[in-house]
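Quick notes on the structure that follows.
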Amino acid sequence: MNHDPLDVNEPRGYSKDRQLRKGPKDPTPKLKVTPAILLSAVLQYYKSQKFGGGTIMALEVGLENEGETQRRRVDGLLLRYYKPPIAFEVKTSRADWLSELKKPDKHLPAKALAGQLYVVAPPDVVQIEELPAGVGLIEVKPYTSKVKFVRRADRGQPGEIDWHRAAQIAAGVLRAADEGVV
């Protein structure tokens, strides 16, 4: 029985002709952009700044008050010694960002908690003119983890933190450690 080297059903031993016909493989590895990758880059940026010691990130911090059943979370909350926290909302794709725009007040609880809110995204996901008033934009290049402040966020007064909120933040710090965002 003769096997045609270009036969698609041939199970093994592809011929050189078939490999050439398919074209060269793309040598660039595919990286799935995750919130943990982007927030880790932001954390490393803040740690590298003057007085960056004592800086940690909490992930998926609950924004509901005690007794509320609504599940709202902020993707990241940066905690620093003697400085107010900073909240981060991560968008990994343009579609993710466009769905966010349909809920214009969704960011308000995160901004109220920290007093300052940034959207963190890869380049070209968020356009500056689409940002809500007072919200900043940080772009992170996924392969290099290079952080670029495209627009600075306004600084407001952070909200009060009670024991319920402190427990949510502590759980977020543990989640960050589990995700390797340290």
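Chain lettering (A, B, ...) mirrors the order of the structure tokens, residue numbering begins at 1 for each chain separately, and ligand numbering begins at 1 in order of display.
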Enumerate, as a PyMOL selection string, the complete set of residues in range 133-166 of chain A that a backbone-based DSSP assignment places in alpha helix (DSSP H). chain A and resi 163-166
Residues as selected, N, CA and C atoms, written as a short mmCIF file (atom, residue, chain, number, x, y, z; two decimals), in the first residue's frame, can you do that?
```
data_model
loop_
_atom_site.label_atom_id
_atom_site.label_comp_id
_atom_site.auth_asym_id
_atom_site.auth_seq_id
_atom_site.Cartn_x
_atom_site.Cartn_y
_atom_site.Cartn_z
N TRP A 163 -13.90 46.29 60.39
CA TRP A 163 -13.37 44.93 60.52
C TRP A 163 -13.80 44.04 59.35
N HIS A 164 -15.00 44.22 58.87
CA HIS A 164 -15.48 43.43 57.74
C HIS A 164 -14.61 43.71 56.51
N ARG A 165 -14.35 44.97 56.25
CA ARG A 165 -13.52 45.35 55.10
C ARG A 165 -12.08 44.88 55.29
N ALA A 166 -11.58 44.97 56.52
CA ALA A 166 -10.22 44.50 56.81
C ALA A 166 -10.09 43.01 56.53
#
```
For a test of reading the model, state the distance in Å between CA of Ala133 in chain A and CA of Pro35 in chain A, rounded to one decimal. 23.0 Å
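Taking only C-alpha atoms into account, Ser93 in chain A lies nearest to A:Val33 out of the set A:Val147, A:Ala114, A:Val33, A:Leu108.
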I want to know what sits within 12 Å of Ser145 in chain A, based on only C-alpha atoms, with residues of the same chain fewer than 3 positions away left out; could you give that as a PyMOL selection string? chain A and resi 33+36-45+120-123+138-142+148
Would you mind exporting the chosen residues as a PDB file, in the first residue's frame, restricted to N, CA and C atoms?
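So part35.pdb came out as:
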```
ATOM      1  N   VAL A  33      -2.881  36.561  28.614  1.00  0.00           N
ATOM      2  CA  VAL A  33      -2.797  37.727  29.484  1.00  0.00           C
ATOM      3  C   VAL A  33      -3.848  37.570  30.581  1.00  0.00           C
ATOM      4  N   ALA A  36      -3.521  38.594  36.942  1.00  0.00           N
ATOM      5  CA  ALA A  36      -2.374  38.390  37.831  1.00  0.00           C
ATOM      6  C   ALA A  36      -1.077  38.858  37.178  1.00  0.00           C
ATOM      7  N   ILE A  37      -0.904  38.597  35.890  1.00  0.00           N
ATOM      8  CA  ILE A  37       0.303  39.042  35.182  1.00  0.00           C
ATOM      9  C   ILE A  37       0.384  40.560  35.171  1.00  0.00           C
ATOM     10  N   LEU A  38      -0.719  41.216  34.850  1.00  0.00           N
ATOM     11  CA  LEU A  38      -0.723  42.677  34.763  1.00  0.00           C
ATOM     12  C   LEU A  38      -0.540  43.313  36.139  1.00  0.00           C
ATOM     13  N   LEU A  39      -1.232  42.794  37.148  1.00  0.00           N
ATOM     14  CA  LEU A  39      -1.116  43.370  38.491  1.00  0.00           C
ATOM     15  C   LEU A  39       0.253  43.105  39.111  1.00  0.00           C
ATOM     16  N   SER A  40       0.858  41.983  38.781  1.00  0.00           N
ATOM     17  CA  SER A  40       2.208  41.706  39.263  1.00  0.00           C
ATOM     18  C   SER A  40       3.194  42.742  38.721  1.00  0.00           C
ATOM     19  N   ALA A  41       3.033  43.111  37.448  1.00  0.00           N
ATOM     20  CA  ALA A  41       3.900  44.138  36.855  1.00  0.00           C
ATOM     21  C   ALA A  41       3.694  45.483  37.547  1.00  0.00           C
ATOM     22  N   VAL A  42       2.450  45.827  37.843  1.00  0.00           N
ATOM     23  CA  VAL A  42       2.157  47.087  38.538  1.00  0.00           C
ATOM     24  C   VAL A  42       2.769  47.066  39.937  1.00  0.00           C
ATOM     25  N   LEU A  43       2.627  45.954  40.640  1.00  0.00           N
ATOM     26  CA  LEU A  43       3.201  45.837  41.985  1.00  0.00           C
ATOM     27  C   LEU A  43       4.716  46.004  41.943  1.00  0.00           C
ATOM     28  N   GLN A  44       5.364  45.343  40.993  1.00  0.00           N
ATOM     29  CA  GLN A  44       6.820  45.467  40.882  1.00  0.00           C
ATOM     30  C   GLN A  44       7.235  46.900  40.560  1.00  0.00           C
ATOM     31  N   TYR A  45       6.427  47.592  39.768  1.00  0.00           N
ATOM     32  CA  TYR A  45       6.718  49.003  39.481  1.00  0.00           C
ATOM     33  C   TYR A  45       6.702  49.816  40.774  1.00  0.00           C
ATOM     34  N   VAL A 120      -6.087  49.013  34.460  1.00  0.00           N
ATOM     35  CA  VAL A 120      -4.829  48.409  34.024  1.00  0.00           C
ATOM     36  C   VAL A 120      -5.152  47.501  32.844  1.00  0.00           C
ATOM     37  N   ALA A 121      -4.442  47.708  31.728  1.00  0.00           N
ATOM     38  CA  ALA A 121      -4.732  46.940  30.517  1.00  0.00           C
ATOM     39  C   ALA A 121      -3.499  46.879  29.625  1.00  0.00           C
ATOM     40  N   PRO A 122      -3.463  45.893  28.727  1.00  0.00           N
ATOM     41  CA  PRO A 122      -2.409  45.906  27.712  1.00  0.00           C
ATOM     42  C   PRO A 122      -2.616  47.105  26.782  1.00  0.00           C
ATOM     43  N   PRO A 123      -1.587  47.504  26.033  1.00  0.00           N
ATOM     44  CA  PRO A 123      -1.741  48.626  25.104  1.00  0.00           C
ATOM     45  C   PRO A 123      -2.877  48.392  24.107  1.00  0.00           C
ATOM     46  N   ILE A 138      -3.251  52.734  33.253  1.00  0.00           N
ATOM     47  CA  ILE A 138      -1.910  52.173  33.233  1.00  0.00           C
ATOM     48  C   ILE A 138      -1.899  51.084  32.166  1.00  0.00           C
ATOM     49  N   GLU A 139      -0.958  51.197  31.233  1.00  0.00           N
ATOM     50  CA  GLU A 139      -0.782  50.157  30.230  1.00  0.00           C
ATOM     51  C   GLU A 139       0.410  49.300  30.618  1.00  0.00           C
ATOM     52  N   VAL A 140       0.249  47.979  30.498  1.00  0.00           N
ATOM     53  CA  VAL A 140       1.311  47.033  30.805  1.00  0.00           C
ATOM     54  C   VAL A 140       1.540  46.175  29.576  1.00  0.00           C
ATOM     55  N   LYS A 141       2.779  46.132  29.105  1.00  0.00           N
ATOM     56  CA  LYS A 141       3.123  45.244  27.998  1.00  0.00           C
ATOM     57  C   LYS A 141       3.312  43.845  28.580  1.00  0.00           C
ATOM     58  N   PRO A 142       2.465  42.881  28.170  1.00  0.00           N
ATOM     59  CA  PRO A 142       2.495  41.553  28.803  1.00  0.00           C
ATOM     60  C   PRO A 142       3.830  40.823  28.716  1.00  0.00           C
ATOM     61  N   LYS A 148       3.394  51.708  31.921  1.00  0.00           N
ATOM     62  CA  LYS A 148       3.336  53.080  31.413  1.00  0.00           C
ATOM     63  C   LYS A 148       2.063  53.751  31.942  1.00  0.00           C
TER      64      LYS A 148
END
```
Could you list, as a PDB file with C-alpha atoms, in the first residue's frame, every residue within 12 Å of Lys47 in chain A, counting only C-alpha atoms and ignoring same-chain residues fewer than 4 positions away?
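The resulting file, out-v9.pdb, is shown below:
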```pdb
ATOM      1  CA  SER A  40       2.208  41.706  39.263  1.00  0.00           C
ATOM      2  CA  ALA A  41       3.900  44.138  36.855  1.00  0.00           C
ATOM      3  CA  VAL A  42       2.157  47.087  38.538  1.00  0.00           C
ATOM      4  CA  LEU A  43       3.201  45.837  41.985  1.00  0.00           C
ATOM      5  CA  PHE A  51      10.071  54.264  49.550  1.00  0.00           C
ATOM      6  CA  GLY A  52       8.480  51.261  47.770  1.00  0.00           C
ATOM      7  CA  GLY A  53       9.222  48.881  50.639  1.00  0.00           C
ATOM      8  CA  GLY A  54       6.226  47.576  52.511  1.00  0.00           C
ATOM      9  CA  THR A  55       4.070  47.530  49.393  1.00  0.00           C
ATOM     10  CA  ILE A  56       1.687  44.600  48.859  1.00  0.00           C
ATOM     11  CA  MET A  57      -1.214  43.812  46.552  1.00  0.00           C
ATOM     12  CA  LEU A  78      -2.325  48.244  46.434  1.00  0.00           C
ATOM     13  CA  LEU A  79      -1.476  48.722  50.117  1.00  0.00           C
ATOM     14  CA  ARG A  80       1.502  50.852  51.176  1.00  0.00           C
ATOM     15  CA  TYR A  81       2.905  52.006  54.499  1.00  0.00           C
ATOM     16  CA  VAL A 182       4.113  39.215  45.584  1.00  0.00           C
TER      17      VAL A 182
END
```
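Contact shell of Leu63 in chain A at 10 Å (only C-alpha atoms; same-chain neighbours under 3 positions omitted): Glu60, Glu66, Glu68, Gln70, Arg71, Arg72, Arg73, Val74, Pro109, Ala110, Ala112, Leu113, Arg165, Gln168 and Ile169 of chain A.
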Convert the current residue selection to file output with N, CA and C atoms, as a PDB file, in the first residue's frame.
```
ATOM      1  N   GLU A  60      -8.898  40.754  44.161  1.00  0.00           N
ATOM      2  CA  GLU A  60     -10.336  40.486  44.236  1.00  0.00           C
ATOM      3  C   GLU A  60     -10.920  40.816  45.606  1.00  0.00           C
ATOM      4  N   GLU A  66     -20.900  44.905  55.082  1.00  0.00           N
ATOM      5  CA  GLU A  66     -21.365  43.775  55.870  1.00  0.00           C
ATOM      6  C   GLU A  66     -22.882  43.652  55.751  1.00  0.00           C
ATOM      7  N   GLU A  68     -24.553  42.952  53.012  1.00  0.00           N
ATOM      8  CA  GLU A  68     -24.978  43.052  51.609  1.00  0.00           C
ATOM      9  C   GLU A  68     -24.698  41.730  50.899  1.00  0.00           C
ATOM     10  N   GLN A  70     -24.829  41.572  47.377  1.00  0.00           N
ATOM     11  CA  GLN A  70     -24.324  41.861  46.042  1.00  0.00           C
ATOM     12  C   GLN A  70     -22.822  41.582  45.993  1.00  0.00           C
ATOM     13  N   ARG A  71     -22.367  40.871  44.973  1.00  0.00           N
ATOM     14  CA  ARG A  71     -20.954  40.492  44.865  1.00  0.00           C
ATOM     15  C   ARG A  71     -20.219  41.444  43.926  1.00  0.00           C
ATOM     16  N   ARG A  72     -19.633  42.469  44.475  1.00  0.00           N
ATOM     17  CA  ARG A  72     -18.802  43.394  43.700  1.00  0.00           C
ATOM     18  C   ARG A  72     -17.390  43.299  44.233  1.00  0.00           C
ATOM     19  N   ARG A  73     -16.418  43.337  43.324  1.00  0.00           N
ATOM     20  CA  ARG A  73     -15.018  43.228  43.731  1.00  0.00           C
ATOM     21  C   ARG A  73     -14.170  44.193  42.922  1.00  0.00           C
ATOM     22  N   VAL A  74     -13.066  44.579  43.507  1.00  0.00           N
ATOM     23  CA  VAL A  74     -12.047  45.327  42.778  1.00  0.00           C
ATOM     24  C   VAL A  74     -10.928  44.316  42.494  1.00  0.00           C
ATOM     25  N   PRO A 109     -17.753  52.246  43.681  1.00  0.00           N
ATOM     26  CA  PRO A 109     -17.390  51.686  44.994  1.00  0.00           C
ATOM     27  C   PRO A 109     -15.877  51.471  45.161  1.00  0.00           C
ATOM     28  N   ALA A 110     -15.186  51.070  44.103  1.00  0.00           N
ATOM     29  CA  ALA A 110     -13.735  50.875  44.187  1.00  0.00           C
ATOM     30  C   ALA A 110     -13.036  52.205  44.409  1.00  0.00           C
ATOM     31  N   ALA A 112     -14.367  54.822  45.809  1.00  0.00           N
ATOM     32  CA  ALA A 112     -14.712  55.282  47.155  1.00  0.00           C
ATOM     33  C   ALA A 112     -13.871  54.573  48.213  1.00  0.00           C
ATOM     34  N   LEU A 113     -13.565  53.297  48.014  1.00  0.00           N
ATOM     35  CA  LEU A 113     -12.761  52.545  48.969  1.00  0.00           C
ATOM     36  C   LEU A 113     -11.340  53.094  49.044  1.00  0.00           C
ATOM     37  N   ARG A 165     -14.352  44.967  56.246  1.00  0.00           N
ATOM     38  CA  ARG A 165     -13.522  45.347  55.095  1.00  0.00           C
ATOM     39  C   ARG A 165     -12.078  44.876  55.293  1.00  0.00           C
ATOM     40  N   GLN A 168     -11.848  41.340  54.317  1.00  0.00           N
ATOM     41  CA  GLN A 168     -11.875  41.190  52.857  1.00  0.00           C
ATOM     42  C   GLN A 168     -10.500  41.512  52.256  1.00  0.00           C
ATOM     43  N   ILE A 169      -9.852  42.530  52.780  1.00  0.00           N
ATOM     44  CA  ILE A 169      -8.519  42.900  52.290  1.00  0.00           C
ATOM     45  C   ILE A 169      -7.508  41.810  52.634  1.00  0.00           C
TER      46      ILE A 169
END
```
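Distances to Val150 in chain A were evaluated for A:Asp96, A:Glu64, A:Asp105, A:Asp124 using only C-alpha atoms, and the minimum falls at A:Asp124.
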Just want the 12 Å neighbourhood of Ala95 in chain A, counted on only C-alpha atoms, with same-chain residues fewer than 4 positions away dropped. Output as number ranges by chain. A: 91, 99-102, 121, 124-126
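For range 60-140 of chain A, backbone-based DSSP assignment of strand (DSSP E or B) covers Glu60, Val61, Gly62, Arg73, Val74, Asp75, Gly76, Leu77, Leu78, Leu79, Arg80, Lys83, Pro84, Pro85, Ile86, Ala87, Phe88, Glu89, Val90, Leu117, Tyr118, Val119, Val120, Ala121, Gly136, Leu137, Ile138, Glu139 and Val140 of chain A.
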Restrict the selected residues to C-alpha atoms and save them as a PDB file, in the first residue's frame.
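Output contents, as saved in out.pdb:
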```
ATOM      1  CA  GLU A  60     -10.336  40.486  44.236  1.00  0.00           C
ATOM      2  CA  VAL A  61     -11.218  42.509  47.308  1.00  0.00           C
ATOM      3  CA  GLY A  62     -14.930  42.516  48.072  1.00  0.00           C
ATOM      4  CA  ARG A  73     -15.018  43.228  43.731  1.00  0.00           C
ATOM      5  CA  VAL A  74     -12.047  45.327  42.778  1.00  0.00           C
ATOM      6  CA  ASP A  75      -9.393  43.354  40.884  1.00  0.00           C
ATOM      7  CA  GLY A  76      -6.459  44.755  42.845  1.00  0.00           C
ATOM      8  CA  LEU A  77      -5.852  46.943  45.870  1.00  0.00           C
ATOM      9  CA  LEU A  78      -2.325  48.244  46.434  1.00  0.00           C
ATOM     10  CA  LEU A  79      -1.476  48.722  50.117  1.00  0.00           C
ATOM     11  CA  ARG A  80       1.502  50.852  51.176  1.00  0.00           C
ATOM     12  CA  LYS A  83       0.048  56.088  52.092  1.00  0.00           C
ATOM     13  CA  PRO A  84      -3.551  55.680  50.957  1.00  0.00           C
ATOM     14  CA  PRO A  85      -4.405  52.533  48.975  1.00  0.00           C
ATOM     15  CA  ILE A  86      -4.855  52.483  45.197  1.00  0.00           C
ATOM     16  CA  ALA A  87      -7.565  50.416  43.481  1.00  0.00           C
ATOM     17  CA  PHE A  88      -7.046  48.707  40.115  1.00  0.00           C
ATOM     18  CA  GLU A  89      -9.602  47.401  37.641  1.00  0.00           C
ATOM     19  CA  VAL A  90      -7.979  45.056  35.093  1.00  0.00           C
ATOM     20  CA  LEU A 117      -8.659  54.124  40.775  1.00  0.00           C
ATOM     21  CA  TYR A 118      -6.677  52.988  37.741  1.00  0.00           C
ATOM     22  CA  VAL A 119      -7.696  50.796  34.843  1.00  0.00           C
ATOM     23  CA  VAL A 120      -4.829  48.409  34.024  1.00  0.00           C
ATOM     24  CA  ALA A 121      -4.732  46.940  30.517  1.00  0.00           C
ATOM     25  CA  GLY A 136      -6.399  56.772  35.476  1.00  0.00           C
ATOM     26  CA  LEU A 137      -4.981  54.385  32.905  1.00  0.00           C
ATOM     27  CA  ILE A 138      -1.910  52.173  33.233  1.00  0.00           C
ATOM     28  CA  GLU A 139      -0.782  50.157  30.230  1.00  0.00           C
ATOM     29  CA  VAL A 140       1.311  47.033  30.805  1.00  0.00           C
TER      30      VAL A 140
END
```
